[in-house]
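Peer 1: The structure is given below, and queries will be raised subsequently.
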Amino acid sequence: MPQENNHRTCVIDVGGGLRDIYGAGVFDTLMEEGIAFDFGIGISAGAANLCSFLARQRGRNLVYYRDYSQRREYMSLRNVLQKKGFLDLDYIYSTLSNTDGEYPLDYSVICRNPMDLITVTTNALTGCPAYWHKSRYSQDDYELIKCSCTLPFACHPHRMQGMEQFDGGISDPVPLEKALAMGAGKIVLILTHPVDFRRTDDHDRRYARVLSARYPKVAEALKHRAERYNLALDRALELEQQGKLLILAPESDCGLKTLTRDVRKLQAMYENGLRDGRKVREFLAR
């Protein structure tokens, strides 16, 4: 039976490229302990993490972050020349993830799982966030993850249903208000920077200048990403004080940037997530 509004449980994974191997560790512990939620909200790598969580495929995301990321098909300068983007999202979320892929996503389990999944993208025309429910996915059609993972500096916008989409973190980097609007009373928020990290807009404004000619609304949203992130994190800290939210964040980013492929650092970040995931059961039981 679904829970009443304001008593629903939610997990939010904000993504962060390969840094979100931390979130993969959190979810692997949650699967080990049999913990579930009413719904989850995922951005970029966070959406991919949540798909494996709903599919109950423990350890799957670890392989994608730590092992597959080393392949030039996954990310490389060659892809820039041949695929027009540093990341080949088709390779990651179709070639590897489809039924005939090397490590398929178990879509049948996702369908049977009562937990809903909200995937966040940024509309390339309006610069506004779009929130897509699990029903938008279908077997071997994971275009929605590709859209949510489309980083402006690493990929061209991804087209879905005739609309170009970018990474959801541009327009709603911490979708806390969306979770509250959907009736979440207990929220687990997974970050991939330490909790005292605050975004600055230096890099975003440089990328915005490049985007402004073709995607002016996205460029404008990017200029305000840091402000949105910081305000949402302040709100999350307030809710944590009230006992309504649990922030899971690494003590250190282990020297990882969005596309850092250092196996040792990735493994350390994953193990950090495994440990922190053990905080969730106590929080949900309060």
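Chain labels A, B, ... are given in the sequence in which chains occur in the structure tokens; within each chain residues are numbered consecutively from 1, and ligands are likewise numbered from 1 in the order shown.
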Where does DSSP see helix (DSSP H, G or I) in range 89-256 of chain A, if you list the residues as number ranges by chain?
Peer 2: A: 89-95, 107-112, 134-136, 143-148, 168-170, 176-181, 202-211, 216-223, 225-241
Peer 1: Near Tyr207 in chain A, within 8 Å and counting only C-alpha atoms, which residues show up once chain neighbours fewer than 4 positions away are dropped, as a compact mmCIF listing (two decimals) with C-alpha atoms, in the first residue's frame?
Peer 2:
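The resulting file, part.txt, is reproduced below:
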```
# COMPACT_ATOMS: atom_id res chain seq x y z
CA PRO A 152 27.47 20.53 -21.90
CA PHE A 153 31.26 20.41 -21.90
CA HIS A 203 33.56 27.52 -14.57
CA LEU A 211 26.53 27.87 -24.95
CA ALA A 219 23.40 29.26 -20.59
CA LEU A 222 24.05 27.43 -15.92
```
Peer 1: List the spatial neighbours of Gly162 in chain A as a list in words - criterion: any atom at most 12 Å away, only C-alpha atoms, same-chain residues fewer than 2 positions off excluded.
Peer 2: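 Here the answer would be Asn123, Ala124, Leu125, Pro157, His158, Arg159, Met160, Glu164 and Gln165 of chain A.
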Peer 1: Excluding range 252-255 of chain A and its own-chain neighbours fewer than 6 positions away, which residues fall within 9 Å of it when counting only C-alpha atoms? Please give them as a PyMOL selection string.
Peer 2: chain A and resi 19+192-194+265-266+268-269
Peer 1: Could you save the residues just selected, with N, CA, C and O atoms, as a PDB file, in the first residue's frame?
Peer 2:
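Result file is result-v6.pdb:
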```pdb
ATOM      1  N   ARG A  19      32.509  10.658  -9.892  1.00  0.00           N
ATOM      2  CA  ARG A  19      32.489  10.859  -8.445  1.00  0.00           C
ATOM      3  C   ARG A  19      31.298  10.154  -7.793  1.00  0.00           C
ATOM      4  O   ARG A  19      31.335   9.815  -6.609  1.00  0.00           O
ATOM      5  N   THR A 192      27.998  14.229  -3.780  1.00  0.00           N
ATOM      6  CA  THR A 192      29.290  13.661  -4.159  1.00  0.00           C
ATOM      7  C   THR A 192      30.438  14.617  -3.873  1.00  0.00           C
ATOM      8  O   THR A 192      31.575  14.370  -4.279  1.00  0.00           O
ATOM      9  N   HIS A 193      30.144  15.703  -3.185  1.00  0.00           N
ATOM     10  CA  HIS A 193      31.146  16.582  -2.592  1.00  0.00           C
ATOM     11  C   HIS A 193      30.944  16.551  -1.083  1.00  0.00           C
ATOM     12  O   HIS A 193      29.838  16.259  -0.599  1.00  0.00           O
ATOM     13  N   PRO A 194      31.957  16.865  -0.293  1.00  0.00           N
ATOM     14  CA  PRO A 194      31.766  16.988   1.154  1.00  0.00           C
ATOM     15  C   PRO A 194      30.652  17.991   1.477  1.00  0.00           C
ATOM     16  O   PRO A 194      30.364  18.900   0.690  1.00  0.00           O
ATOM     17  N   LYS A 265      41.481   5.850  -6.523  1.00  0.00           N
ATOM     18  CA  LYS A 265      40.618   6.882  -5.942  1.00  0.00           C
ATOM     19  C   LYS A 265      39.144   6.515  -6.084  1.00  0.00           C
ATOM     20  O   LYS A 265      38.342   6.758  -5.170  1.00  0.00           O
ATOM     21  N   LEU A 266      38.787   5.930  -7.207  1.00  0.00           N
ATOM     22  CA  LEU A 266      37.403   5.505  -7.405  1.00  0.00           C
ATOM     23  C   LEU A 266      37.015   4.435  -6.383  1.00  0.00           C
ATOM     24  O   LEU A 266      35.924   4.483  -5.796  1.00  0.00           O
ATOM     25  N   ALA A 268      38.310   3.943  -3.439  1.00  0.00           N
ATOM     26  CA  ALA A 268      38.222   4.559  -2.116  1.00  0.00           C
ATOM     27  C   ALA A 268      36.896   5.292  -1.938  1.00  0.00           C
ATOM     28  O   ALA A 268      36.264   5.218  -0.874  1.00  0.00           O
ATOM     29  N   MET A 269      36.448   5.992  -2.979  1.00  0.00           N
ATOM     30  CA  MET A 269      35.172   6.710  -2.908  1.00  0.00           C
ATOM     31  C   MET A 269      34.007   5.724  -2.794  1.00  0.00           C
ATOM     32  O   MET A 269      33.052   5.958  -2.033  1.00  0.00           O
TER      33      MET A 269
END
```
Peer 1: Report as a PyMOL selection string: the residues of range 3-205 of chain A with a DSSP assignment of strand (DSSP E), based on the backbone of this structure.
Peer 2: chain A and resi 8-13+39-43+116-123+129-132+158-160+163-167+184-190
Peer 1: Now that the selection is made, can you save its residues with N, CA, C and O atoms as a compact mmCIF listing (two decimals), in the first residue's frame?
Peer 2:
```
# COMPACT_ATOMS: atom_id res chain seq x y z
N ARG A 8 5.94 9.82 2.88
CA ARG A 8 6.62 9.00 1.90
C ARG A 8 8.14 9.12 2.08
O ARG A 8 8.64 10.16 2.52
N THR A 9 8.83 8.07 1.73
CA THR A 9 10.30 8.08 1.82
C THR A 9 10.88 8.30 0.43
O THR A 9 10.36 7.79 -0.57
N CYS A 10 11.97 9.05 0.38
CA CYS A 10 12.57 9.40 -0.91
C CYS A 10 14.09 9.39 -0.77
O CYS A 10 14.64 9.76 0.27
N VAL A 11 14.77 8.97 -1.82
CA VAL A 11 16.21 9.09 -1.91
C VAL A 11 16.53 9.93 -3.14
O VAL A 11 15.95 9.74 -4.21
N ILE A 12 17.41 10.90 -2.97
CA ILE A 12 17.84 11.78 -4.05
C ILE A 12 19.32 11.55 -4.29
O ILE A 12 20.12 11.59 -3.36
N ASP A 13 19.69 11.30 -5.54
CA ASP A 13 21.10 11.18 -5.92
C ASP A 13 21.39 12.27 -6.95
O ASP A 13 20.86 12.23 -8.06
N PHE A 39 9.98 6.48 -3.49
CA PHE A 39 10.43 6.97 -4.79
C PHE A 39 11.84 7.54 -4.66
O PHE A 39 12.34 7.82 -3.57
N GLY A 40 12.48 7.66 -5.82
CA GLY A 40 13.81 8.24 -5.88
C GLY A 40 13.88 9.28 -6.98
O GLY A 40 13.12 9.20 -7.97
N ILE A 41 14.76 10.25 -6.81
CA ILE A 41 14.98 11.27 -7.83
C ILE A 41 16.46 11.24 -8.19
O ILE A 41 17.33 11.33 -7.30
N GLY A 42 16.75 11.10 -9.48
CA GLY A 42 18.14 10.99 -9.91
C GLY A 42 18.49 11.96 -11.01
O GLY A 42 17.68 12.22 -11.91
N ILE A 43 19.69 12.49 -10.91
CA ILE A 43 20.24 13.36 -11.95
C ILE A 43 21.49 12.71 -12.50
O ILE A 43 22.36 12.28 -11.73
N ASP A 116 8.98 4.27 -7.41
CA ASP A 116 9.00 5.11 -8.61
C ASP A 116 10.36 5.78 -8.74
O ASP A 116 11.11 5.91 -7.76
N LEU A 117 10.69 6.16 -9.95
CA LEU A 117 11.95 6.83 -10.25
C LEU A 117 11.64 8.10 -11.04
O LEU A 117 10.96 8.04 -12.07
N ILE A 118 12.14 9.22 -10.57
CA ILE A 118 12.02 10.49 -11.27
C ILE A 118 13.41 10.85 -11.80
O ILE A 118 14.36 10.98 -11.03
N THR A 119 13.51 11.02 -13.11
CA THR A 119 14.78 11.38 -13.74
C THR A 119 14.69 12.84 -14.18
O THR A 119 13.72 13.24 -14.82
N VAL A 120 15.70 13.62 -13.83
CA VAL A 120 15.69 15.06 -14.09
C VAL A 120 16.56 15.38 -15.31
O VAL A 120 17.70 14.92 -15.41
N THR A 121 16.00 16.16 -16.23
CA THR A 121 16.75 16.67 -17.38
C THR A 121 16.55 18.18 -17.46
O THR A 121 15.70 18.75 -16.76
N THR A 122 17.33 18.82 -18.32
CA THR A 122 17.16 20.25 -18.59
C THR A 122 16.77 20.43 -20.05
O THR A 122 17.50 19.98 -20.95
N ASN A 123 15.63 21.05 -20.28
CA ASN A 123 15.16 21.29 -21.65
C ASN A 123 16.09 22.29 -22.33
O ASN A 123 16.31 23.40 -21.83
N PRO A 129 13.92 22.69 -15.79
CA PRO A 129 14.00 21.25 -15.48
C PRO A 129 12.76 20.51 -15.95
O PRO A 129 11.65 21.06 -15.94
N ALA A 130 12.96 19.26 -16.34
CA ALA A 130 11.85 18.37 -16.66
C ALA A 130 12.00 17.13 -15.79
O ALA A 130 13.12 16.66 -15.56
N TYR A 131 10.88 16.62 -15.30
CA TYR A 131 10.89 15.50 -14.36
C TYR A 131 10.12 14.34 -15.00
O TYR A 131 8.92 14.45 -15.25
N TRP A 132 10.79 13.24 -15.26
CA TRP A 132 10.24 12.12 -16.00
C TRP A 132 10.07 10.92 -15.07
O TRP A 132 11.02 10.51 -14.39
N HIS A 158 21.26 15.69 -26.03
CA HIS A 158 20.67 14.43 -26.49
C HIS A 158 19.20 14.67 -26.81
O HIS A 158 18.50 15.36 -26.06
N ARG A 159 18.75 14.11 -27.89
CA ARG A 159 17.37 14.34 -28.35
C ARG A 159 16.47 13.20 -27.91
O ARG A 159 16.79 12.03 -28.07
N MET A 160 15.30 13.56 -27.36
CA MET A 160 14.30 12.59 -26.97
C MET A 160 12.92 13.18 -27.23
O MET A 160 12.66 14.32 -26.85
N MET A 163 12.81 16.61 -28.64
CA MET A 163 13.33 17.74 -27.86
C MET A 163 14.75 17.46 -27.42
O MET A 163 15.06 16.34 -26.99
N GLU A 164 15.61 18.46 -27.54
CA GLU A 164 16.97 18.31 -27.07
C GLU A 164 17.01 18.54 -25.56
O GLU A 164 16.35 19.43 -25.03
N GLN A 165 17.81 17.70 -24.87
CA GLN A 165 17.90 17.76 -23.41
C GLN A 165 19.36 17.79 -22.97
O GLN A 165 20.24 17.24 -23.63
N PHE A 166 19.61 18.44 -21.84
CA PHE A 166 20.91 18.46 -21.19
C PHE A 166 20.79 17.85 -19.79
O PHE A 166 19.70 17.55 -19.30
N ASP A 167 21.92 17.74 -19.14
CA ASP A 167 22.03 17.27 -17.76
C ASP A 167 21.04 18.02 -16.86
O ASP A 167 20.99 19.26 -16.86
N ALA A 184 7.33 13.85 0.17
CA ALA A 184 8.38 13.18 0.94
C ALA A 184 8.43 13.71 2.37
O ALA A 184 8.51 14.91 2.59
N GLY A 185 8.37 12.80 3.34
CA GLY A 185 8.50 13.17 4.74
C GLY A 185 9.84 12.77 5.32
O GLY A 185 10.29 13.32 6.32
N LYS A 186 10.48 11.79 4.69
CA LYS A 186 11.83 11.34 5.05
C LYS A 186 12.65 11.28 3.78
O LYS A 186 12.28 10.58 2.82
N ILE A 187 13.75 12.02 3.76
CA ILE A 187 14.55 12.13 2.53
C ILE A 187 16.00 11.78 2.85
O ILE A 187 16.59 12.30 3.80
N VAL A 188 16.58 10.91 2.04
CA VAL A 188 18.01 10.65 2.06
C VAL A 188 18.61 11.36 0.86
O VAL A 188 18.22 11.10 -0.29
N LEU A 189 19.53 12.28 1.10
CA LEU A 189 20.15 13.07 0.04
C LEU A 189 21.60 12.64 -0.13
O LEU A 189 22.41 12.77 0.79
N ILE A 190 21.93 12.15 -1.32
CA ILE A 190 23.28 11.69 -1.62
C ILE A 190 24.01 12.77 -2.41
O ILE A 190 23.59 13.14 -3.52
```
